[in-house]
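So the structure is just underneath, and the comments pick up after that.
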Amino acid sequence: MKVLVTGACGYKGTVLVPKLLAAGHEVVGFDIMWFGNFLKPHPNLTVVKGDVRDIEKINLDGIDAIVHLSSVANDPCGDLNPKLTWEISALATMQLADKAVRKGVKRFVYASSGSVYGVKDEDQVTEDLELKPISEYNKTKMVGERVLWSYRDDMVVQMLRPATVCGYSPRMRLDVSVNMLTMQALTNRRITVFGGDQTRPNIHIDDITDAYIFLLDNPQHTGVYNAGFENISILEIAERVAQRVEAEIVVSESNDPRSYRVNSDKLLATGFRPKKTVDDAINEIIQKYRAGELKNEDHFHNLKWMQRGAVT
C-alpha cells in the first residue's frame with residue numbers, strides 16, 4: 001500500500017514509519033517539523049515538509065491509506081494556543097477526511113486519545129462511556145472522531161484512543177510520565193511526583209505503533225478502540241524507576257484530579273496483543289541515556305519548545 005502518515009516526524013511517527021517501510025509499504029511522511037526530522041532516508045520513503053492546515057499542499061494522488069497522527073500533542077500544549085490547536089487538530093482533520101473521500105482513499109486510521117473521556121469515576125473506562133473532554137486537546141480529539149465517523153460509509157474508518165505512550169523514539173518526548181520520571185532520575189537523582197495516587201493507563205510506543213499497523217492489515221475492524229494495557233499509579237512508576245536508577249522520590253501536592261483505568265478488551269478481542277511493558281520502556285531509556293544516544297534536550301519537551309517560539 002501507499003500510506004500517507006501525517007505527523008510522521010513526531011514521537012510516534014518516527015517509530016511507525018520504519019515499521020511500515022519494513023512491511024513493504026510505500027510511505028509519504030508529511031510533517032511541519034517543528035521538532036526536527038529524525039527519519040532515516042529510504043527508497044520507499046518520501047518526506048514532505050508541510051502544514052496540515054494547508055490542505056492544498058497535501059497530495060493524495062495514489063494514496064491507499066492515511067494514518068493521521070498530526071495534532072498539537074498533550075493538554076498544556078493544546079491550551080497554550082487554543083486557536084492553533086483547533087485549526088490543526090480539528091479543522092485540518094475535517095479537511096483531510098473530506099479530501100480523502102473525494103480522492104478515493106479507502107482507509108483512514110486516526111490517532112485519537114484516551115483523554116477524551118475526561119475525569120471518570122468508573123473502575124474500567126470502556127469505549128461506550130460518555131466523552132467529557134476537559135482540555136482543548138481532548139475536545140479537538142473528540143471532534144476529530146465525530147467528523148471521521150461520519151465518513152464511515154465512504155471509507156474504512158479506524159480510531160485508536162491511546163493511553164499515555166512511553167518508551168524510546170529517535171524523536172523523543174520527555175514530557176510524558178514514564179519517560180519524564182526516568183530522565184529525572186538519570187539527570188537529577190531525584191524524581192518529583194505530583195500527587196502520586198492517580199492511576200493512569202500506559203502503552204509502550206512499540207505496541208501503539210504496532211496497533212496502527214494491525215488496523216491497516218485488518219480493515220474489518222472499524223470504529224474506535226482503547227489502547228492501554230498497564231494501569232499504574234504515578235508513584236508506582238516512580239518506584240519502578242528508582243529500582244533501576246538510584247534516586248530520591250519527592251511527593252508534592254497535585255491539582256490534577258485525573259485517575260482512571262482504561263479497559264482495552266475490545267482491541268484484544270480483535271487478536272491484537274501487546275509485546276512490551278512500562279518496565280521495558282524504563283530499561284530502554286536508561287540504556288539509551290547511558291550509551292550517550294539520548295540526552296535531555298529542549299526539543300524533546302513539547303511545551304518548553306513551543307513556549308520558546310519554535311512554532312507558528
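Chains: A, B, ... in order of the C-alpha cells. Residues: from 1 per chain. Ligands: from 1, in order shown.
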Practice task
Go through region 121-258 of chain A and collect every residue that DSSP, computed from the backbone, puts in strand (DSSP E or B); the answer should be as a ChimeraX atom specification.
Solution key: /A:125,156-162,164-166,190-194,199-204,223-227,230-233,248-252
Put those residues in a file: N, CA and C atoms, as a CSV table (one decimal), in the first residue's frame.
chain,number,residue,atom,x,y,z
A,125,VAL,N,-12.7,2.1,32.2
A,125,VAL,CA,-13.1,3.0,31.2
A,125,VAL,C,-13.2,2.3,29.9
A,156,VAL,N,-13.0,3.1,5.0
A,156,VAL,CA,-12.8,2.3,6.3
A,156,VAL,C,-12.2,3.3,7.3
A,157,VAL,N,-12.9,3.5,8.4
A,157,VAL,CA,-12.5,4.4,9.5
A,157,VAL,C,-12.2,3.6,10.7
A,158,GLN,N,-10.9,3.8,11.2
A,158,GLN,CA,-10.4,3.1,12.4
A,158,GLN,C,-9.8,4.1,13.3
A,159,MET,N,-10.2,4.1,14.6
A,159,MET,CA,-9.7,5.1,15.5
A,159,MET,C,-9.2,4.5,16.8
A,160,LEU,N,-8.0,4.9,17.2
A,160,LEU,CA,-7.4,4.4,18.4
A,160,LEU,C,-7.3,5.5,19.4
A,161,ARG,N,-7.7,5.1,20.7
A,161,ARG,CA,-7.6,6.1,21.8
A,161,ARG,C,-6.4,5.6,22.7
A,162,PRO,N,-5.2,6.0,22.4
A,162,PRO,CA,-4.1,5.5,23.2
A,162,PRO,C,-4.0,6.0,24.6
A,164,THR,N,-1.3,6.9,27.8
A,164,THR,CA,0.0,7.6,27.7
A,164,THR,C,1.1,6.7,27.2
A,165,VAL,N,1.7,7.2,26.1
A,165,VAL,CA,2.7,6.4,25.4
A,165,VAL,C,4.1,6.6,26.1
A,166,CYS,N,4.8,5.5,26.2
A,166,CYS,CA,6.2,5.5,26.8
A,166,CYS,C,7.2,4.7,26.0
A,190,ARG,N,16.8,12.5,41.4
A,190,ARG,CA,15.6,13.0,42.2
A,190,ARG,C,14.4,12.9,41.3
A,191,ILE,N,13.3,12.3,41.7
A,191,ILE,CA,12.1,12.2,41.0
A,191,ILE,C,11.0,12.9,41.7
A,192,THR,N,10.4,13.9,41.0
A,192,THR,CA,9.3,14.7,41.6
A,192,THR,C,8.0,14.1,41.1
A,193,VAL,N,7.2,13.7,42.1
A,193,VAL,CA,5.9,13.2,41.8
A,193,VAL,C,4.8,14.1,42.3
A,194,PHE,N,3.9,14.5,41.5
A,194,PHE,CA,2.8,15.4,41.9
A,194,PHE,C,1.6,14.5,42.2
A,199,THR,N,-4.1,7.0,39.2
A,199,THR,CA,-3.8,5.8,38.3
A,199,THR,C,-4.0,6.3,36.8
A,200,ARG,N,-3.0,5.9,36.0
A,200,ARG,CA,-3.1,6.3,34.6
A,200,ARG,C,-2.7,5.1,33.7
A,201,PRO,N,-3.4,4.9,32.6
A,201,PRO,CA,-3.0,3.8,31.7
A,201,PRO,C,-1.8,4.2,30.9
A,202,ASN,N,-1.1,3.2,30.5
A,202,ASN,CA,0.2,3.3,29.7
A,202,ASN,C,0.2,2.3,28.6
A,203,ILE,N,1.0,2.7,27.5
A,203,ILE,CA,1.2,1.8,26.4
A,203,ILE,C,2.6,2.1,25.9
A,204,HIS,N,3.3,1.0,25.6
A,204,HIS,CA,4.7,1.2,25.0
A,204,HIS,C,4.6,1.7,23.6
A,223,GLY,N,-14.3,1.4,13.6
A,223,GLY,CA,-14.7,2.1,14.8
A,223,GLY,C,-13.6,2.5,15.7
A,224,VAL,N,-13.9,2.6,17.0
A,224,VAL,CA,-13.0,3.1,18.0
A,224,VAL,C,-12.5,2.1,19.0
A,225,TYR,N,-11.2,2.2,19.3
A,225,TYR,CA,-10.6,1.2,20.2
A,225,TYR,C,-9.7,1.9,21.3
A,226,ASN,N,-9.9,1.5,22.5
A,226,ASN,CA,-8.9,1.9,23.5
A,226,ASN,C,-7.6,1.2,23.3
A,227,ALA,N,-6.5,1.8,23.7
A,227,ALA,CA,-5.2,1.1,23.6
A,227,ALA,C,-4.4,1.5,24.8
A,230,GLU,N,-1.5,-1.1,30.8
A,230,GLU,CA,-1.0,-1.1,32.2
A,230,GLU,C,-1.5,0.1,32.9
A,231,ASN,N,-2.4,-0.1,33.8
A,231,ASN,CA,-2.9,0.9,34.6
A,231,ASN,C,-2.1,1.0,35.9
A,232,ILE,N,-1.3,2.0,36.0
A,232,ILE,CA,-0.3,2.1,37.1
A,232,ILE,C,-0.4,3.5,37.7
A,233,SER,N,-0.2,3.7,39.0
A,233,SER,CA,-0.2,5.0,39.7
A,233,SER,C,1.1,5.7,39.3
A,248,GLU,N,16.1,9.8,44.7
A,248,GLU,CA,15.1,10.1,45.7
A,248,GLU,C,13.8,10.5,45.1
A,249,ILE,N,12.7,10.0,45.7
A,249,ILE,CA,11.4,10.3,45.3
A,249,ILE,C,10.8,11.4,46.2
A,250,VAL,N,10.4,12.5,45.6
A,250,VAL,CA,9.8,13.6,46.4
A,250,VAL,C,8.3,13.7,45.9
A,251,VAL,N,7.4,13.6,46.8
A,251,VAL,CA,6.0,13.7,46.5
A,251,VAL,C,5.5,15.1,46.9
A,252,SER,N,4.8,15.8,45.9
A,252,SER,CA,4.3,17.1,46.1
A,252,SER,C,2.8,17.1,45.8
Exercise for the section: Write out as a ChimeraX atom specification the residues lying within 12 Å of Gly271 (chain A), counting only C-alpha atoms and excluding same-chain residues fewer than 2 positions away. Expected result: /A:211,214-215,217-218,221,264-269,273-274
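With only C-alpha atoms as the atoms that count, the minimum distance from Ile208 (chain A) to the choices A:Gly29, A:Gly24, A:Gly118, A:Gly167 is reached by A:Gly167.
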Handout entry: Distance in Å - CA of Leu294 (chain A) versus CA of Asn179 (chain A)
Key = 11.4 Å
Taking 6 positions as the minimum chain separation for residues in the same chain, which residues sit within 10 Å of Leu4 (chain A) when counting only C-alpha atoms? Answer as a PDB file with N, CA and C atoms, in the first residue's frame.
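The file below, result_7.pdb, is the result:
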ATOM      1  N   VAL A  17       6.942   4.889  10.969  1.00  0.00           N
ATOM      2  CA  VAL A  17       7.331   4.915   9.553  1.00  0.00           C
ATOM      3  C   VAL A  17       8.326   3.809   9.200  1.00  0.00           C
ATOM      4  N   GLU A  26       4.907   1.646   0.714  1.00  0.00           N
ATOM      5  CA  GLU A  26       5.475   2.915   0.279  1.00  0.00           C
ATOM      6  C   GLU A  26       4.883   3.993   1.179  1.00  0.00           C
ATOM      7  N   VAL A  27       5.728   4.866   1.704  1.00  0.00           N
ATOM      8  CA  VAL A  27       5.273   5.829   2.708  1.00  0.00           C
ATOM      9  C   VAL A  27       5.566   7.260   2.269  1.00  0.00           C
ATOM     10  N   VAL A  28       4.551   8.109   2.417  1.00  0.00           N
ATOM     11  CA  VAL A  28       4.740   9.551   2.291  1.00  0.00           C
ATOM     12  C   VAL A  28       4.592  10.128   3.693  1.00  0.00           C
ATOM     13  N   GLY A  29       5.657  10.680   4.218  1.00  0.00           N
ATOM     14  CA  GLY A  29       5.627  11.284   5.544  1.00  0.00           C
ATOM     15  C   GLY A  29       5.418  12.780   5.434  1.00  0.00           C
ATOM     16  N   PHE A  30       4.386  13.280   6.071  1.00  0.00           N
ATOM     17  CA  PHE A  30       4.034  14.701   5.994  1.00  0.00           C
ATOM     18  C   PHE A  30       4.141  15.300   7.387  1.00  0.00           C
ATOM     19  N   THR A  46       9.097   9.089   1.071  1.00  0.00           N
ATOM     20  CA  THR A  46       9.130  10.483   0.647  1.00  0.00           C
ATOM     21  C   THR A  46       8.711  11.333   1.832  1.00  0.00           C
ATOM     22  N   VAL A  47       9.570  12.237   2.249  1.00  0.00           N
ATOM     23  CA  VAL A  47       9.255  13.110   3.376  1.00  0.00           C
ATOM     24  C   VAL A  47       8.932  14.507   2.850  1.00  0.00           C
ATOM     25  N   ILE A  58      -1.336  18.996   0.499  1.00  0.00           N
ATOM     26  CA  ILE A  58      -1.302  17.563   0.806  1.00  0.00           C
ATOM     27  C   ILE A  58      -1.762  16.796  -0.434  1.00  0.00           C
ATOM     28  N   ASN A  59      -0.828  16.115  -1.066  1.00  0.00           N
ATOM     29  CA  ASN A  59      -1.102  15.385  -2.306  1.00  0.00           C
ATOM     30  C   ASN A  59      -1.577  13.974  -1.971  1.00  0.00           C
ATOM     31  N   LEU A  60      -2.810  13.666  -2.315  1.00  0.00           N
ATOM     32  CA  LEU A  60      -3.367  12.338  -2.029  1.00  0.00           C
ATOM     33  C   LEU A  60      -3.446  11.459  -3.275  1.00  0.00           C
ATOM     34  N   GLY A  62      -2.857   8.659  -5.587  1.00  0.00           N
ATOM     35  CA  GLY A  62      -2.276   7.327  -5.427  1.00  0.00           C
ATOM     36  C   GLY A  62      -2.208   6.811  -4.008  1.00  0.00           C
ATOM     37  N   ILE A  63      -2.698   7.592  -3.047  1.00  0.00           N
ATOM     38  CA  ILE A  63      -2.652   7.172  -1.641  1.00  0.00           C
ATOM     39  C   ILE A  63      -3.769   6.161  -1.370  1.00  0.00           C
ATOM     40  N   ASP A  64      -3.403   5.029  -0.779  1.00  0.00           N
ATOM     41  CA  ASP A  64      -4.377   3.988  -0.432  1.00  0.00           C
ATOM     42  C   ASP A  64      -4.919   4.150   0.982  1.00  0.00           C
ATOM     43  N   ALA A  65      -4.063   4.644   1.892  1.00  0.00           N
ATOM     44  CA  ALA A  65      -4.460   4.735   3.301  1.00  0.00           C
ATOM     45  C   ALA A  65      -3.770   5.925   3.954  1.00  0.00           C
ATOM     46  N   ILE A  66      -4.425   6.467   4.959  1.00  0.00           N
ATOM     47  CA  ILE A  66      -3.865   7.567   5.745  1.00  0.00           C
ATOM     48  C   ILE A  66      -3.784   7.146   7.203  1.00  0.00           C
ATOM     49  N   VAL A  67      -2.638   7.385   7.823  1.00  0.00           N
ATOM     50  CA  VAL A  67      -2.510   7.284   9.277  1.00  0.00           C
ATOM     51  C   VAL A  67      -2.313   8.717   9.768  1.00  0.00           C
ATOM     52  N   HIS A  68      -3.321   9.237  10.429  1.00  0.00           N
ATOM     53  CA  HIS A  68      -3.348  10.662  10.786  1.00  0.00           C
ATOM     54  C   HIS A  68      -2.903  10.847  12.237  1.00  0.00           C
ATOM     55  N   PHE A 108      -8.650   5.079   6.536  1.00  0.00           N
ATOM     56  CA  PHE A 108      -8.246   6.221   7.359  1.00  0.00           C
ATOM     57  C   PHE A 108      -8.101   5.739   8.805  1.00  0.00           C
TER      58      PHE A 108
END
Exercise for the section: List every residue of region 61-197 of chain A that DSSP, applied to the backbone, labels as helix (DSSP H, G or I), and write the result as a PyMOL selection string. Expected result: chain A and resi 75-80+82-102+114-117+136-149+177-188
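The gap separating CA of Gln220 (chain A) from CA of Gln95 (chain A) is 24.8 Å, in Å to one decimal.
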Practice task
Fewer than 4 positions away in the same chain doesn't count, so skip those; otherwise give me all residues within 10 Å of Val15 (chain A), counting only C-alpha atoms, as a PyMOL selection string.
Solution key: chain A and resi 8-11+19-20+38-39+168-171+205-206+208-210
Handout entry: Proximity to Tyr110 (chain A) - best of A:Leu148, A:Leu131, A:Ala163, A:Met172, only C-alpha atoms
Key = A:Leu148
Practice task
Determine the nearest neighbour of Gly195 (chain A) from the options A:Ile282, A:Met1, A:Leu16, A:Ile234, counting only C-alpha atoms.
Solution key: A:Ile234
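Shortest atom-to-atom contact with Gly104 (chain A) among A:Val48, A:Val178, A:Ala238, A:Met155: A:Met155, counting only C-alpha atoms.
With only C-alpha atoms as the atoms that count, the residue of A:Ile237, A:Ile55, A:Ala291, A:Val116 with the shortest distance to Ser135 (chain A) is A:Val116.
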Handout entry: Å distance separating CA of Tyr289 (chain A) from CA of Val176 (chain A), one decimal place
Key = 16.5 Å
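Among A:Ile32, A:Val5, A:Leu129, A:Val119, the residue with the shortest atom-to-atom distance to Arg107 (chain A), counting only C-alpha atoms, is A:Val5.
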